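Source file: data-v4.txt (compact mmCIF, C-alpha atoms)
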```txt
# COMPACT_ATOMS: atom_id res chain seq x y z
CA MET F 1 136.71 117.58 81.47
CA THR F 2 136.13 114.94 84.16
CA THR F 3 137.83 111.54 83.99
CA TYR F 4 135.50 108.64 84.74
CA LEU F 5 136.21 104.98 85.39
CA VAL F 6 133.26 102.84 84.30
CA THR F 7 133.59 99.29 85.60
CA GLY F 8 131.63 96.76 83.59
CA GLY F 9 131.66 99.30 80.77
CA ALA F 10 131.22 96.61 78.12
CA GLY F 11 127.99 95.45 79.74
CA PHE F 12 124.43 96.46 79.06
CA ILE F 13 124.14 99.43 81.43
CA GLY F 14 127.84 100.27 81.47
CA SER F 15 128.04 100.67 77.70
CA HIS F 16 125.12 103.12 77.72
CA ILE F 17 126.94 105.17 80.37
CA VAL F 18 130.11 105.08 78.25
CA GLU F 19 128.17 106.22 75.19
CA GLU F 20 126.73 109.22 77.07
CA LEU F 21 130.08 110.21 78.58
CA VAL F 22 131.85 110.00 75.22
CA GLY F 23 129.09 112.11 73.69
CA ARG F 24 129.69 114.73 76.38
CA GLY F 25 133.41 114.78 75.63
CA GLU F 26 134.45 113.42 79.04
CA GLY F 27 137.52 111.30 79.73
CA VAL F 28 136.49 107.65 79.95
CA ARG F 29 138.37 104.59 81.16
CA VAL F 30 136.62 101.21 81.09
CA LEU F 31 137.51 98.25 83.30
CA ASP F 32 135.97 94.98 82.12
CA ASN F 33 136.99 91.32 82.01
CA PHE F 34 134.36 90.47 79.36
CA LEU F 35 132.91 87.65 81.44
CA THR F 36 129.43 88.93 80.63
CA GLY F 37 130.26 92.18 78.81
CA LYS F 38 130.50 92.23 75.02
CA ARG F 39 133.20 93.81 72.89
CA GLU F 40 130.61 94.82 70.31
CA ASN F 41 129.01 97.12 72.92
CA LEU F 42 132.21 99.19 73.05
CA ALA F 43 133.19 98.95 69.39
CA PRO F 44 131.79 102.39 68.38
CA PHE F 45 133.67 104.12 71.22
CA LEU F 46 137.07 102.40 71.29
CA LYS F 47 138.90 105.37 69.75
CA SER F 48 137.48 107.66 72.44
CA ILE F 49 138.13 105.60 75.56
CA GLU F 50 140.90 103.82 77.44
CA LEU F 51 140.15 100.12 77.87
CA VAL F 52 141.62 98.12 80.75
CA GLU F 53 140.87 94.44 80.26
CA ALA F 54 141.09 93.05 83.79
CA ASP F 55 139.07 91.62 86.67
CA ILE F 56 137.77 93.55 89.69
CA ARG F 57 138.72 90.52 91.79
CA ASP F 58 142.35 91.54 91.17
CA PRO F 59 143.28 94.31 93.66
CA GLU F 60 146.25 95.46 91.58
CA ALA F 61 144.07 95.80 88.48
CA CYS F 62 141.68 97.95 90.51
CA ARG F 63 144.54 100.15 91.70
CA THR F 64 145.85 100.57 88.14
CA ALA F 65 142.41 101.42 86.75
CA SER F 66 141.68 103.95 89.52
CA ARG F 67 144.80 106.09 89.09
CA GLY F 68 144.11 109.58 87.79
CA VAL F 69 140.33 109.10 87.95
CA GLU F 70 137.93 111.63 89.48
CA VAL F 71 134.72 109.57 89.46
CA VAL F 72 134.13 105.80 89.56
CA LEU F 73 130.81 104.50 88.20
CA HIS F 74 130.85 100.91 89.42
CA GLN F 75 128.56 98.79 87.22
CA ALA F 76 130.59 95.55 87.12
CA ALA F 77 128.66 92.66 88.66
CA LEU F 78 127.38 89.15 88.17
CA ALA F 79 123.82 90.43 88.05
CA SER F 80 121.53 87.45 88.44
CA VAL F 81 119.48 86.08 91.32
CA PRO F 82 119.29 82.53 89.84
CA ARG F 83 123.01 82.51 89.09
CA SER F 84 123.82 83.58 92.65
CA LEU F 85 121.68 80.74 93.97
CA LYS F 86 123.51 78.28 91.73
CA ASP F 87 127.01 79.58 92.55
CA PRO F 88 126.93 81.82 95.65
CA LEU F 89 130.71 81.88 96.07
CA LEU F 90 131.33 83.24 92.56
CA SER F 91 128.59 85.82 93.12
CA HIS F 92 130.24 86.84 96.41
CA ASP F 93 133.72 87.08 94.90
CA ILE F 94 132.67 89.33 92.02
CA ASN F 95 129.91 91.39 93.60
CA LEU F 96 131.32 91.90 97.09
CA THR F 97 135.06 91.23 97.15
CA GLY F 98 135.39 93.00 93.79
CA THR F 99 133.47 96.00 95.12
CA LEU F 100 135.66 96.22 98.22
CA ASN F 101 138.78 96.00 96.04
CA LEU F 102 137.52 98.95 94.00
CA LEU F 103 136.50 101.00 97.01
CA LEU F 104 139.95 100.68 98.57
CA ALA F 105 141.67 101.37 95.25
CA ALA F 106 139.52 104.49 94.76
CA ARG F 107 140.28 105.63 98.30
CA ASP F 108 144.02 105.24 97.77
CA ALA F 109 143.92 106.93 94.35
CA GLY F 110 142.16 110.03 95.71
CA VAL F 111 138.97 109.50 93.69
CA ARG F 112 136.40 112.20 94.48
CA ARG F 113 133.19 110.18 94.14
CA PHE F 114 132.27 106.50 93.83
CA VAL F 115 128.80 105.56 92.53
CA PHE F 116 127.77 101.97 93.27
CA ALA F 117 125.16 100.09 91.24
CA SER F 118 123.01 98.37 93.87
CA SER F 119 119.70 96.59 93.38
CA SER F 120 116.06 96.63 94.43
CA SER F 121 116.65 93.01 95.53
CA VAL F 122 117.95 94.41 98.84
CA TYR F 123 114.32 95.04 99.86
CA GLY F 124 113.81 91.27 100.08
CA ASP F 125 110.58 90.16 101.69
CA ASP F 126 109.43 93.61 102.86
CA PRO F 127 105.79 93.61 101.65
CA SER F 128 105.19 97.37 101.60
CA LEU F 129 104.84 99.27 98.33
CA PRO F 130 106.35 101.40 97.03
CA LYS F 131 109.81 100.40 98.25
CA LYS F 132 111.37 103.17 100.32
CA GLU F 133 114.99 103.60 101.39
CA GLY F 134 115.45 102.59 105.04
CA ARG F 135 112.62 100.07 105.01
CA GLU F 136 114.28 96.81 103.96
CA GLY F 137 113.17 93.25 104.68
CA ARG F 138 115.07 89.98 104.81
CA THR F 139 117.14 89.32 101.69
CA LEU F 140 116.06 86.34 99.58
CA SER F 141 119.15 85.49 97.51
CA PRO F 142 122.96 85.60 97.67
CA TYR F 143 122.87 88.34 95.02
CA ALA F 144 120.70 90.50 97.29
CA VAL F 145 123.07 89.88 100.19
CA ASN F 146 126.01 90.93 97.98
CA LYS F 147 124.34 94.20 97.06
CA ALA F 148 123.18 94.98 100.59
CA ALA F 149 126.68 94.34 101.96
CA GLY F 150 128.19 96.38 99.11
CA GLU F 151 126.07 99.33 100.21
CA ARG F 152 127.33 98.94 103.77
CA TYR F 153 130.93 98.87 102.57
CA CYS F 154 130.30 102.06 100.58
CA GLN F 155 128.89 103.80 103.65
CA VAL F 156 131.75 102.62 105.88
CA VAL F 157 134.40 103.70 103.39
CA HIS F 158 132.72 107.09 103.22
CA THR F 159 132.52 107.62 106.99
CA ALA F 160 135.88 106.01 107.85
CA TYR F 161 138.03 107.24 104.98
CA GLY F 162 136.22 110.20 103.43
CA LEU F 163 135.61 108.77 99.96
CA GLU F 164 132.31 110.17 98.69
CA THR F 165 130.10 107.16 97.89
CA VAL F 166 126.57 107.08 96.50
CA CYS F 167 124.50 103.89 96.14
CA LEU F 168 121.81 103.54 93.47
CA ARG F 169 119.24 100.77 93.81
CA TYR F 170 118.25 99.78 90.28
CA PHE F 171 114.71 98.56 89.59
CA ASN F 172 114.52 96.14 86.63
CA ILE F 173 116.47 98.00 83.99
CA PHE F 174 115.81 97.26 80.33
CA GLY F 175 116.74 98.56 76.90
CA PRO F 176 118.92 97.96 73.84
CA ARG F 177 122.02 95.73 74.23
CA GLN F 178 120.54 93.65 77.06
CA ASP F 179 121.63 90.06 76.40
CA PRO F 180 118.68 87.79 75.52
CA TYR F 181 120.75 84.65 74.98
CA SER F 182 122.16 83.92 78.44
CA GLN F 183 120.39 81.29 80.52
CA TYR F 184 120.13 84.08 83.12
CA ALA F 185 118.70 86.65 80.72
CA ALA F 186 116.23 89.28 81.94
CA VAL F 187 112.53 88.96 81.19
CA ILE F 188 112.05 91.74 78.60
CA PRO F 189 114.67 90.62 76.04
CA LEU F 190 113.56 87.00 76.56
CA PHE F 191 109.94 87.89 75.87
CA ILE F 192 110.81 90.00 72.82
CA LEU F 193 112.97 87.28 71.25
CA SER F 194 110.35 84.63 71.99
CA PHE F 195 107.57 86.59 70.29
CA LEU F 196 109.82 87.51 67.36
CA GLY F 197 110.63 83.82 66.89
CA GLY F 198 107.01 82.72 67.17
CA ARG F 199 107.67 80.90 70.46
CA ALA F 200 105.59 81.08 73.65
CA PRO F 201 107.45 83.11 76.33
CA ALA F 202 107.60 81.45 79.75
CA ILE F 203 105.93 83.24 82.65
CA PHE F 204 106.94 82.00 86.09
CA GLY F 205 103.81 81.43 88.19
CA ASP F 206 100.53 83.23 87.48
CA GLY F 207 102.08 86.36 85.98
CA GLU F 208 100.66 88.61 88.69
CA GLN F 209 104.11 89.40 90.14
CA SER F 210 104.98 93.01 89.34
CA ARG F 211 108.07 95.09 88.61
CA ASP F 212 109.07 98.74 88.20
CA PHE F 213 110.56 98.43 84.71
CA THR F 214 112.99 101.28 84.05
CA TYR F 215 114.45 102.25 80.68
CA VAL F 216 118.25 102.32 80.63
CA ALA F 217 118.58 106.01 79.68
CA ASN F 218 117.00 106.92 83.02
CA VAL F 219 119.71 104.95 84.83
CA VAL F 220 122.44 106.72 82.87
CA GLN F 221 120.91 110.03 83.97
CA ALA F 222 120.84 108.88 87.60
CA ASN F 223 124.51 107.86 87.57
CA LEU F 224 125.70 111.18 86.17
CA LEU F 225 123.55 113.13 88.61
CA ALA F 226 124.83 111.01 91.52
CA ALA F 227 128.39 111.74 90.43
CA GLU F 228 127.89 115.46 91.05
CA ALA F 229 124.97 116.05 93.44
CA ALA F 230 125.89 118.03 96.53
CA GLY F 231 124.98 116.34 99.80
CA ALA F 232 124.51 112.88 98.25
CA ALA F 233 127.69 111.31 99.66
CA GLY F 234 127.03 108.37 101.97
CA ARG F 235 123.42 107.99 100.84
CA VAL F 236 121.28 105.43 99.04
CA TYR F 237 118.71 106.17 96.32
CA ASN F 238 116.10 104.21 94.42
CA VAL F 239 116.34 104.42 90.63
CA GLY F 240 113.11 103.44 88.94
CA CYS F 241 110.04 105.03 87.39
CA GLY F 242 107.74 104.74 90.40
CA GLU F 243 105.29 102.59 88.46
CA ARG F 244 104.34 98.92 88.57
CA THR F 245 103.60 96.48 85.73
CA THR F 246 102.73 92.80 86.12
CA ILE F 247 104.65 90.20 84.12
CA GLY F 248 101.39 89.16 82.47
CA MET F 249 100.72 92.76 81.40
CA LEU F 250 104.29 93.04 80.12
CA ALA F 251 103.87 89.98 77.91
CA GLY F 252 100.60 91.39 76.57
CA LEU F 253 102.18 94.75 75.74
CA ILE F 254 105.11 93.20 73.87
CA ARG F 255 102.70 90.89 72.04
CA ASP F 256 100.59 93.89 70.97
CA ILE F 257 103.59 95.99 69.90
CA LEU F 258 104.82 93.13 67.70
CA GLY F 259 101.35 92.15 66.49
CA SER F 260 101.96 88.55 67.53
CA SER F 261 99.26 85.91 68.04
CA VAL F 262 101.46 83.74 70.28
CA GLN F 263 100.20 83.16 73.83
CA PRO F 264 102.58 82.92 76.83
CA ALA F 265 103.11 79.65 78.69
CA HIS F 266 103.09 79.44 82.50
CA THR F 267 105.81 77.56 84.42
CA PRO F 268 106.48 76.98 88.15
CA VAL F 269 107.45 79.90 90.41
CA ARG F 270 111.19 80.61 90.52
CA SER F 271 113.12 80.48 93.81
CA GLY F 272 114.56 83.70 95.25
CA ASP F 273 112.36 86.10 93.31
CA VAL F 274 110.64 89.04 94.99
CA LEU F 275 106.87 89.02 94.38
CA HIS F 276 106.28 92.75 93.89
CA SER F 277 108.58 95.70 93.33
CA GLN F 278 107.94 99.41 92.86
CA ALA F 279 110.28 102.28 93.63
CA ASP F 280 109.56 105.31 95.74
CA ILE F 281 111.76 107.79 93.84
CA SER F 282 110.90 110.88 95.88
CA LYS F 283 114.31 110.96 97.58
CA ALA F 284 116.18 110.75 94.26
CA ARG F 285 113.92 113.43 92.81
CA SER F 286 114.54 115.86 95.65
CA GLU F 287 118.23 115.20 96.36
CA LEU F 288 119.63 114.18 92.94
CA ASN F 289 117.17 116.09 90.74
CA TYR F 290 116.44 112.72 89.12
CA ASP F 291 113.50 112.75 86.72
CA PRO F 292 112.89 109.61 84.61
CA ARG F 293 112.33 111.17 81.20
CA ILE F 294 111.50 108.02 79.25
CA GLY F 295 108.40 106.20 80.45
CA PHE F 296 107.83 102.46 80.42
CA ARG F 297 105.72 102.23 77.23
CA ASP F 298 108.01 104.57 75.28
CA GLY F 299 111.10 102.67 76.44
CA LEU F 300 109.50 99.33 75.63
CA GLU F 301 108.66 100.43 72.07
CA ARG F 302 112.25 101.67 71.57
CA THR F 303 113.61 98.39 72.89
CA VAL F 304 111.36 96.24 70.71
CA ARG F 305 112.42 98.25 67.64
CA TRP F 306 116.10 97.74 68.49
CA TYR F 307 115.73 93.96 68.78
CA LYS F 308 113.66 93.79 65.58
CA ASP F 309 116.34 95.72 63.71
CA LYS F 310 119.09 93.54 65.19
CA GLU F 311 117.26 90.36 64.17
CA ARG F 312 117.01 91.68 60.59
CA THR F 313 120.74 92.48 60.45
CA PRO F 314 122.67 89.55 58.93
```

Mind turning this structure into C-alpha cells?
Amino acid sequence: MTTYLVTGGAGFIGSHIVEELVGRGEGVRVLDNFLTGKRENLAPFLKSIELVEADIRDPEACRTASRGVEVVLHQAALASVPRSLKDPLLSHDINLTGTLNLLLAARDAGVRRFVFASSSSVYGDDPSLPKKEGREGRTLSPYAVNKAAGERYCQVVHTAYGLETVCLRYFNIFGPRQDPYSQYAAVIPLFILSFLGGRAPAIFGDGEQSRDFTYVANVVQANLLAAEAAGAAGRVYNVGCGERTTIGMLAGLIRDILGSSVQPAHTPVRSGDVLHSQADISKARSELNYDPRIGFRDGLERTVRWYKDKERTP
C-alpha cells in the first residue's frame, strides 16, 4: 500500500483522485483549507482517509502533512484566470508560494515523487496547434505565470535536491462535482445549469474560441500514472484528449443533450483568455502510457446526467 498526500483533495479534481485511491485501498491523506473545496465532496470517504484541514501557505502545515508520505499529488490551487487578474497577489500566494512550501516540505520528508497540477494556460499566446511541450508563448494572466513558475520550481527541486517531480498541464477539465455557482465557474457547469434553468448561457465573443475539453477520470488516470512512471521525473506532460471543440459547438451539444430550446447569448470577449487550445498528448502516451479512455461526448453526457440528478435531489 502506498501513502498519498492529495492537496486540494476536497476540490473538484482532488476529490475524484481521492475516490480512486480509496477504491484501490491506498493510504490517503488530504490537505485542504476548504477555501474552494467542499466538505460534501469528501463525505463518502471520510472514514477511509486522514484529513488535515490547513493551508498550503503555512509551511509548518505542509511539513506536517508531508510526513510519512510516499507520493504527493498537488492539486490545491486558486484555479481561475479572471480571479488571478482581479487579485494577482492572492493567486501568487496560493499557487506559487504554496507550491514552493509543499515542494520543500516533501523534500525534507523524503517523499519519493511529487506530481504538480499545472495548466495549459502556460502556452499563452503561442499560436501553434496542437500545443506541444517546449513550445510556449508569452503568458497572458497571473494564473498562467503562477503555473509556469511552479513548473520551474518543480524542475529545480528535482535537479538540485533529488525529489522526483512530474508536471501535468491540464486542458479544460470537466465532470461531476465541478462548482457551477462560483462567479469564476468553468464554462461546462455554467452552460449546463443555464440550460437546465431555462436561461440563455453567456458565450464570450463569437464562440469560435476552442478548447480541448477533458473528462476528469482521464486526469485521475494521468496523475496515478505520473506517480509511478519510470523516467518521468523532472518532466512536463500535457493532459488532454488531443481534440478541439469550439465554445459555440459545446453550447449546441449541451442544448441537444438536454433537449432545450434556449439559445445562447453573446457577450464581450474576456481579458486574459487564450483563443485556441488543443493538447499534443503524444509525449504522455509514450512516456506515461496515458490513454484518455473517456471521450468528450461520453464525458459530457455523464456530466449532464450528474447535474440533472443533483438538481432533482431536494

task: In the coordinate frame of the file, compute which residues have an atom within 9 Å of (138.6, 98.8, 85.9) when using only C-alpha atoms, and state them as a ChimeraX atom specification.
output: /F:5-9,29-33,51-56,61-66,74,76,102

message: For a quick check of understanding, using all atoms listed in the file, which of F:Leu78, F:Ile254, F:Val145, F:Ile13 has the smallest distance to Ile173 (chain F)?
response: F:Ile13

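These residues, each with an atom at most 8 Å from (106.0, 80.3, 84.0) using all atoms listed in the file, are Ala202, Ile203, Phe204, Gly205, Asp206, Gly207, Ala265, His266, Thr267, Pro268 and Val269 of chain F.
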
message: With all atoms listed in the file as the counted atoms, please give the residues lying no more than 6 Å from region 214-229 of chain F, apart from itself and same-chain residues fewer than 3 positions off, as a PyMOL selection string.
response: chain F and resi 17+172-175+232+240-241+288+292+299

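Between CA of Arg169 (chain F) and CA of Glu50 (chain F) there is a distance of 27.3 Å.
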